[in-house]
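The file query.txt comes next; it holds compact mmCIF, C-alpha atoms and all ligand atoms.
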# COMPACT_ATOMS: atom_id res chain seq x y z
CA MET A 1 140.52 -29.35 126.20
CA VAL A 2 137.83 -31.99 125.77
CA ILE A 3 138.21 -33.45 129.32
CA ALA A 4 137.83 -30.12 130.96
CA LYS A 5 134.74 -29.43 128.92
CA MET A 6 133.19 -32.80 129.94
CA ASP A 7 133.81 -32.01 133.65
CA TYR A 8 132.14 -28.71 133.16
CA TRP A 9 128.95 -30.21 131.68
CA ASP A 10 128.93 -33.04 134.21
CA ASN A 11 128.96 -30.47 137.01
CA TYR A 12 126.38 -28.42 135.26
CA TYR A 13 123.93 -31.28 134.84
CA GLU A 14 124.60 -32.53 138.33
CA ASN A 15 123.81 -29.11 139.80
CA GLU A 16 120.66 -28.93 137.75
CA ARG A 17 119.54 -32.37 138.97
CA MET A 18 120.28 -31.45 142.56
CA GLU A 19 118.22 -28.29 142.12
CA GLU A 20 115.39 -30.34 140.66
CA ILE A 21 115.52 -32.79 143.60
CA ARG A 22 115.52 -29.92 146.10
CA THR A 23 112.48 -28.37 144.39
CA VAL A 24 110.58 -31.66 144.40
CA ASN A 25 111.48 -32.17 148.08
CA ASN A 26 110.29 -28.68 148.95
CA LEU A 27 107.03 -29.23 147.13
CA THR A 28 106.56 -32.56 148.89
CA ALA A 29 107.24 -30.96 152.27
CA MET A 30 104.76 -28.20 151.49
CA ALA A 31 102.13 -30.69 150.35
CA GLU A 32 102.66 -32.68 153.53
CA ARG A 33 102.29 -29.59 155.69
CA THR A 34 99.10 -28.64 153.82
CA ALA A 35 97.67 -32.15 154.22
CA ASP A 36 98.57 -32.03 157.92
CA ARG A 37 96.88 -28.68 158.34
CA ILE A 38 93.70 -29.88 156.59
CA ALA A 39 93.61 -32.98 158.79
CA TYR A 40 94.22 -30.82 161.87
CA GLU A 41 91.39 -28.41 160.96
CA GLU A 42 89.11 -31.37 160.33
CA LEU A 43 89.94 -32.90 163.69
CA LYS A 44 89.48 -29.55 165.44
CA ALA A 45 86.03 -29.14 163.86
CA GLN A 46 85.07 -32.68 164.88
CA LYS A 47 86.22 -32.09 168.46
CA GLU A 48 84.30 -28.80 168.65
CA GLU A 49 81.17 -30.54 167.34
CA GLU A 50 81.59 -33.34 169.91
CA LYS A 51 82.07 -30.79 172.71
CA LYS A 52 78.94 -28.92 171.58
CA LYS A 53 76.94 -32.17 171.66
CA ALA A 54 78.32 -33.11 175.10
CA ASP A 55 77.52 -29.62 176.47
CA GLU A 56 73.99 -29.85 175.07
CA ALA A 57 73.53 -33.30 176.68
CA VAL A 58 74.70 -31.91 180.04
CA ARG A 59 72.34 -28.94 179.66
CA ILE A 60 69.37 -31.22 178.90
CA ALA A 61 70.22 -33.51 181.83
CA GLU A 62 70.48 -30.51 184.20
CA GLU A 63 67.19 -29.10 182.90
CA GLN A 64 65.52 -32.47 183.49
CA LYS A 65 66.99 -32.70 186.99
CA ARG A 66 65.79 -29.17 187.77
CA LYS A 67 62.26 -30.00 186.53
CA GLN A 68 62.16 -33.22 188.57
CA ALA A 69 63.31 -31.38 191.70
CA GLN A 70 60.64 -28.75 191.11
CA GLU A 71 57.94 -31.40 190.64
CA ALA A 72 59.12 -33.24 193.76
CA MET A 73 58.94 -29.98 195.71
CA VAL A 74 55.41 -29.26 194.49
CA ASN A 75 54.35 -32.82 195.32
CA ASP A 76 55.85 -32.48 198.81
CA ILE A 77 53.88 -29.29 199.40
CA LEU A 78 50.71 -30.93 198.07
CA ARG A 79 51.22 -33.97 200.31
CA GLN A 80 51.55 -31.72 203.37
CA SER A 81 48.29 -29.95 202.57
CA PRO A 82 45.22 -31.30 204.43
CA ARG A 83 43.15 -30.67 201.33
CA TYR A 84 45.35 -33.01 199.31
CA ASN A 85 45.19 -35.74 201.97
CA GLN A 86 41.42 -35.44 202.11
CA TYR A 87 41.31 -35.55 198.34
CA ILE A 88 43.37 -38.75 198.24
CA LEU A 89 41.15 -40.16 201.02
CA SER A 90 38.09 -39.36 198.91
CA LEU A 91 39.64 -41.14 195.92
CA ASN A 92 40.34 -44.20 198.05
CA THR A 93 36.93 -44.32 199.74
CA GLY A 94 34.95 -43.18 196.75
CA ASP A 95 33.46 -40.40 198.89
CA THR A 96 33.33 -37.52 196.46
CA GLY A 97 30.84 -35.53 198.50
CA SER A 98 27.08 -35.70 198.51
CA GLY A 99 26.75 -32.66 196.28
CA ASP A 100 23.75 -31.36 198.23
CA THR A 101 23.55 -28.00 199.91
CA ALA A 102 22.96 -29.09 203.50
CA SER A 103 25.62 -28.40 206.12
CA ARG A 104 27.82 -26.58 203.65
CA GLY A 105 29.31 -23.29 204.74
CA GLY A 106 29.06 -20.13 202.76
CA LYS A 107 26.21 -18.57 200.89
CA LYS A 108 24.98 -18.10 197.36
CA GLY A 109 25.70 -14.90 195.51
CA GLU A 110 24.55 -13.60 192.16
CA PRO A 111 27.14 -13.44 189.37
CA VAL A 112 28.53 -10.00 188.55
CA TYR A 113 29.20 -10.06 184.82
CA ALA A 114 32.11 -8.03 183.51
CA SER A 115 31.55 -6.01 180.33
CA SER A 116 35.15 -4.77 180.46
CA HIS A 117 38.29 -5.28 182.49
CA GLY A 118 41.58 -3.70 183.49
CA LYS A 119 45.09 -4.95 182.88
CA SER A 120 45.98 -8.62 182.60
CA LEU A 121 47.58 -10.40 185.58
CA GLY A 122 48.61 -13.27 183.31
CA LYS A 123 47.49 -16.85 182.93
CA PHE A 124 46.27 -18.65 186.07
CA VAL A 125 45.42 -22.26 186.85
CA ILE A 126 41.94 -22.08 188.33
CA THR A 127 40.68 -24.95 190.47
CA ALA A 128 37.51 -25.04 192.57
CA TYR A 129 36.52 -25.78 196.17
CA CYS A 130 33.66 -25.75 198.62
CA THR A 131 33.76 -25.83 202.42
CA CYS A 132 33.47 -29.64 202.68
CA LYS A 133 36.09 -31.78 204.40
CA ILE A 134 37.33 -33.11 201.07
CA CYS A 135 38.14 -29.59 199.92
CA CYS A 136 39.14 -28.00 203.22
CA GLY A 137 40.23 -30.82 205.56
CA ILE A 138 40.50 -29.48 209.11
CA TYR A 139 39.09 -26.13 207.96
CA SER A 140 35.89 -27.73 206.66
CA GLY A 141 32.56 -26.27 207.76
CA HIS A 142 34.14 -22.94 208.69
CA ASN A 143 31.82 -20.22 207.61
CA ARG A 144 34.56 -17.66 207.29
CA THR A 145 37.22 -17.11 204.68
CA ALA A 146 40.83 -16.36 205.66
CA SER A 147 40.02 -12.66 205.30
CA GLY A 148 36.99 -12.97 207.61
CA THR A 149 34.19 -12.75 205.05
CA VAL A 150 31.46 -15.35 204.50
CA PRO A 151 32.51 -17.41 201.45
CA THR A 152 30.06 -16.54 198.70
CA THR A 153 29.53 -18.16 195.34
CA ASN A 154 30.13 -16.03 192.26
CA ARG A 155 32.33 -13.82 194.44
CA THR A 156 34.89 -15.58 196.64
CA ILE A 157 38.18 -16.80 195.29
CA ALA A 158 41.19 -18.13 197.19
CA VAL A 159 44.48 -16.65 196.07
CA ASP A 160 48.16 -16.31 196.88
CA THR A 161 48.04 -12.91 198.57
CA ASN A 162 51.59 -12.21 197.37
CA VAL A 163 50.17 -12.28 193.85
CA ILE A 164 46.64 -10.96 194.45
CA PRO A 165 46.07 -9.13 197.77
CA PHE A 166 42.83 -9.65 199.71
CA GLY A 167 40.03 -7.40 198.54
CA THR A 168 41.27 -7.25 194.95
CA LYS A 169 38.53 -7.58 192.35
CA VAL A 170 39.54 -9.63 189.35
CA VAL A 171 37.85 -10.68 186.13
CA PHE A 172 37.89 -14.11 184.50
CA ASN A 173 35.26 -16.46 183.12
CA GLY A 174 33.36 -13.26 182.16
CA GLN A 175 32.67 -12.46 185.83
CA VAL A 176 34.03 -10.29 188.64
CA TYR A 177 35.41 -12.15 191.68
CA VAL A 178 36.92 -10.92 194.94
CA ALA A 179 40.13 -12.25 196.55
CA GLU A 180 38.92 -13.25 200.03
CA ASP A 181 40.43 -16.62 200.86
CA LYS A 182 43.68 -18.54 200.64
CA GLY A 183 44.84 -22.16 200.78
CA GLY A 184 47.98 -24.20 201.35
CA ALA A 185 48.26 -25.29 197.73
CA ILE A 186 47.26 -21.92 196.25
CA ASN A 187 50.63 -20.44 195.39
CA GLY A 188 51.74 -18.19 192.56
CA ASN A 189 49.45 -18.03 189.55
CA ARG A 190 46.81 -20.24 191.13
CA ILE A 191 43.22 -19.41 192.00
CA ASP A 192 40.69 -21.57 193.85
CA LEU A 193 37.14 -20.66 192.96
CA PHE A 194 34.53 -21.05 195.71
CA PHE A 195 31.38 -23.10 195.04
CA TYR A 196 28.44 -23.82 197.32
CA THR A 197 28.45 -27.57 196.73
CA HIS A 198 31.17 -30.10 196.16
CA LYS A 199 29.49 -31.30 192.98
CA GLU A 200 29.73 -27.83 191.44
CA ALA A 201 33.40 -27.63 192.42
CA LEU A 202 34.04 -31.00 190.78
CA ASN A 203 32.20 -29.84 187.66
CA TRP A 204 34.50 -26.84 187.36
CA GLY A 205 37.57 -29.07 187.56
CA LYS A 206 40.72 -27.26 186.54
CA LYS A 207 41.00 -24.54 183.92
CA THR A 208 43.78 -22.28 182.73
CA MET A 209 42.53 -18.77 182.07
CA GLU A 210 43.77 -15.24 181.63
CA VAL A 211 42.94 -13.18 184.73
CA TYR A 212 42.47 -9.40 184.67
CA LEU A 213 42.08 -6.69 187.27
CA ALA A 214 38.51 -5.39 187.37
CA ASP A 215 38.24 -1.80 186.22
ZN ZN A 301 34.17 -29.79 198.52
Output the file's structure in the form of structure tokens.
Amino acid sequence: MVIAKMDYWDNYYENERMEEIRTVNNLTAMAERTADRIAYEELKAQKEEEKKKADEAVRIAEEQKRKQAQEAMVNDILRQSPRYNQYILSLNTGDTGSGDTASRGGKKGEPVYASSHGKSLGKFVITAYCTCKICCGIYSGHNRTASGTVPTTNRTIAVDTNVIPFGTKVVFNGQVYVAEDKGGAINGNRIDLFFYTHKEALNWGKKTMEVYLAD
């Protein structure tokens, strides 16, 4: 029967076309899902990168804030110190000390040179002072250190006794010094080196040096 045969082939081809359409649709759906996933991964990576940048910005801002607070604290302490006020006064009046030896407290001592040293105490900021009112404010002219000794050049240093206890011999600048004094602004890794005249103290200025225990 010719008709029956035609129906058969019609159905056959129709089924085949349907199958083809289904396959194409499946492939399209798969391709769409893949494209979606790639876009999603891309977006996720971008968001992670943005979050990393934002976190870093917050970290930097916090670090800056912390540093500013620390500086403000140090400045507050400095402002409260009589030595700082006298120093500012000296800047304003131009009175930087006569630099002579009259009426200065303390005495002169010979340098004790160090040929060797013990263990390192780390790096210290080393400033200088004498007994004048610019350096010592209300304590000026006192002929005694905080530990009761007579401040002596080439020997006396002011320290933070939590870092270097009184009586400790230390080595820096090639010499041996003794921790005998302290000061309001001398905290942590700070040392104030005693000089007989204000001029000598000014000449020293401020140095950062490695400090060792004497052996
Ligand atoms: Zn001075």
May I have a table of the residues of chain A lying at most 7 Å from ligand ZN 301 (chain A), giving each one's closest pair of atoms and their distance in Å to one decimal, counting all atoms listed in the file, ordered by chain and ascending residue number, as JSON lines?
{"residue": "A:Gly97", "atom": "CA", "partner": "A:ZN301", "partner_atom": "ZN", "distance": 6.6}
{"residue": "A:Tyr129", "atom": "CA", "partner": "A:ZN301", "partner_atom": "ZN", "distance": 5.2}
{"residue": "A:Cys130", "atom": "CA", "partner": "A:ZN301", "partner_atom": "ZN", "distance": 4.1}
{"residue": "A:Thr131", "atom": "CA", "partner": "A:ZN301", "partner_atom": "ZN", "distance": 5.6}
{"residue": "A:Cys132", "atom": "CA", "partner": "A:ZN301", "partner_atom": "ZN", "distance": 4.2}
{"residue": "A:Lys133", "atom": "CA", "partner": "A:ZN301", "partner_atom": "ZN", "distance": 6.5}
{"residue": "A:Ile134", "atom": "CA", "partner": "A:ZN301", "partner_atom": "ZN", "distance": 5.2}
{"residue": "A:Cys135", "atom": "CA", "partner": "A:ZN301", "partner_atom": "ZN", "distance": 4.2}
{"residue": "A:Thr197", "atom": "CA", "partner": "A:ZN301", "partner_atom": "ZN", "distance": 6.4}
{"residue": "A:His198", "atom": "CA", "partner": "A:ZN301", "partner_atom": "ZN", "distance": 3.8}
{"residue": "A:Ala201", "atom": "CA", "partner": "A:ZN301", "partner_atom": "ZN", "distance": 6.5}
Spatial neighbours of A:Thr127, 7 Å, all atoms listed in the file, chain gap at least 6 places, as an MDAnalysis selection string: chainID A and resid 191:193 205:207
Just give me the residues with any atom within 12 Å of (26.2, -9.2, 191.1), file coordinates, counting all atoms listed in the file, written as a list of chain:residue names. A:Lys108, A:Gly109, A:Glu110, A:Pro111, A:Val112, A:Tyr113, A:Ala114, A:Thr152, A:Thr153, A:Asn154, A:Arg155, A:Gln175, A:Val176, A:Tyr177, A:Val178
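Atom CA of A:Arg144 is found 28.0 Å from atom CA of A:His117.
Picture a line from atom CA of A:Val170 to atom CA of A:Tyr212; it runs 5.5 Å.
Residues with any atom within 9 Å of A:Ser116, counting all atoms listed in the file and excluding same-chain neighbours fewer than 3 positions away, are Val171, Gly174, Ala214 and Asp215 of chain A.
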So that I have them on file, write out the residues from the current selection with C-alpha atoms, as a PDB file, in the frame of the given file.
ATOM      1  CA  VAL A 171      37.850 -10.680 186.130  1.00  0.00           C
ATOM      2  CA  GLY A 174      33.360 -13.260 182.160  1.00  0.00           C
ATOM      3  CA  ALA A 214      38.510  -5.390 187.370  1.00  0.00           C
ATOM      4  CA  ASP A 215      38.240  -1.800 186.220  1.00  0.00           C
TER       5      ASP A 215
END
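Interatomic distance, atom CA of A:Asn203 against atom CA of A:Ala128: 8.7 Å.
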Taking 5 positions as the minimum chain separation for residues in the same chain, which residues sit within 9 Å of A:Gly167 when counting all atoms listed in the file? Answer as JSON, numbers by chain. {"A": [147, 178, 179, 180]}
Could you complete stretch 171-186 of chain A so that it carries N, CA and C atoms, and give it back as a PDB file, in the frame of the given file?
ATOM      1  N   VAL A 171      38.810 -10.231 187.142  1.00  0.00           N
ATOM      2  CA  VAL A 171      37.850 -10.680 186.130  1.00  0.00           C
ATOM      3  C   VAL A 171      38.403 -11.905 185.407  1.00  0.00           C
ATOM      4  N   PHE A 172      37.638 -12.970 185.389  1.00  0.00           N
ATOM      5  CA  PHE A 172      37.890 -14.110 184.500  1.00  0.00           C
ATOM      6  C   PHE A 172      36.572 -14.826 184.311  1.00  0.00           C
ATOM      7  N   ASN A 173      36.506 -15.713 183.344  1.00  0.00           N
ATOM      8  CA  ASN A 173      35.260 -16.460 183.120  1.00  0.00           C
ATOM      9  C   ASN A 173      34.100 -15.496 182.867  1.00  0.00           C
ATOM     10  N   GLY A 174      34.400 -14.243 182.449  1.00  0.00           N
ATOM     11  CA  GLY A 174      33.360 -13.260 182.160  1.00  0.00           C
ATOM     12  C   GLY A 174      32.712 -12.646 183.397  1.00  0.00           C
ATOM     13  N   GLN A 175      33.276 -12.966 184.598  1.00  0.00           N
ATOM     14  CA  GLN A 175      32.670 -12.460 185.830  1.00  0.00           C
ATOM     15  C   GLN A 175      33.689 -11.736 186.705  1.00  0.00           C
ATOM     16  N   VAL A 176      33.175 -10.959 187.653  1.00  0.00           N
ATOM     17  CA  VAL A 176      34.030 -10.290 188.640  1.00  0.00           C
ATOM     18  C   VAL A 176      34.054 -11.136 189.914  1.00  0.00           C
ATOM     19  N   TYR A 177      35.267 -11.409 190.420  1.00  0.00           N
ATOM     20  CA  TYR A 177      35.410 -12.150 191.680  1.00  0.00           C
ATOM     21  C   TYR A 177      36.257 -11.325 192.641  1.00  0.00           C
ATOM     22  N   VAL A 178      36.172 -11.683 193.934  1.00  0.00           N
ATOM     23  CA  VAL A 178      36.920 -10.920 194.940  1.00  0.00           C
ATOM     24  C   VAL A 178      37.872 -11.863 195.690  1.00  0.00           C
ATOM     25  N   ALA A 179      39.126 -11.452 195.821  1.00  0.00           N
ATOM     26  CA  ALA A 179      40.130 -12.250 196.550  1.00  0.00           C
ATOM     27  C   ALA A 179      39.817 -12.155 198.036  1.00  0.00           C
ATOM     28  N   GLU A 180      39.328 -13.268 198.619  1.00  0.00           N
ATOM     29  CA  GLU A 180      38.920 -13.250 200.030  1.00  0.00           C
ATOM     30  C   GLU A 180      39.494 -14.404 200.836  1.00  0.00           C
ATOM     31  N   ASP A 181      40.016 -15.415 200.134  1.00  0.00           N
ATOM     32  CA  ASP A 181      40.430 -16.620 200.860  1.00  0.00           C
ATOM     33  C   ASP A 181      41.816 -17.034 200.381  1.00  0.00           C
ATOM     34  N   LYS A 182      42.430 -17.960 201.111  1.00  0.00           N
ATOM     35  CA  LYS A 182      43.680 -18.540 200.640  1.00  0.00           C
ATOM     36  C   LYS A 182      43.755 -20.001 201.052  1.00  0.00           C
ATOM     37  N   GLY A 183      44.728 -20.730 200.488  1.00  0.00           N
ATOM     38  CA  GLY A 183      44.840 -22.160 200.780  1.00  0.00           C
ATOM     39  C   GLY A 183      46.286 -22.606 200.637  1.00  0.00           C
ATOM     40  N   GLY A 184      46.604 -23.711 201.326  1.00  0.00           N
ATOM     41  CA  GLY A 184      47.980 -24.200 201.350  1.00  0.00           C
ATOM     42  C   GLY A 184      48.572 -24.445 199.963  1.00  0.00           C
ATOM     43  N   ALA A 185      47.736 -24.924 199.056  1.00  0.00           N
ATOM     44  CA  ALA A 185      48.260 -25.290 197.730  1.00  0.00           C
ATOM     45  C   ALA A 185      48.087 -24.154 196.727  1.00  0.00           C
ATOM     46  N   ILE A 186      47.510 -23.030 197.181  1.00  0.00           N
ATOM     47  CA  ILE A 186      47.260 -21.920 196.250  1.00  0.00           C
ATOM     48  C   ILE A 186      48.434 -20.959 196.306  1.00  0.00           C
TER      49      ILE A 186
END
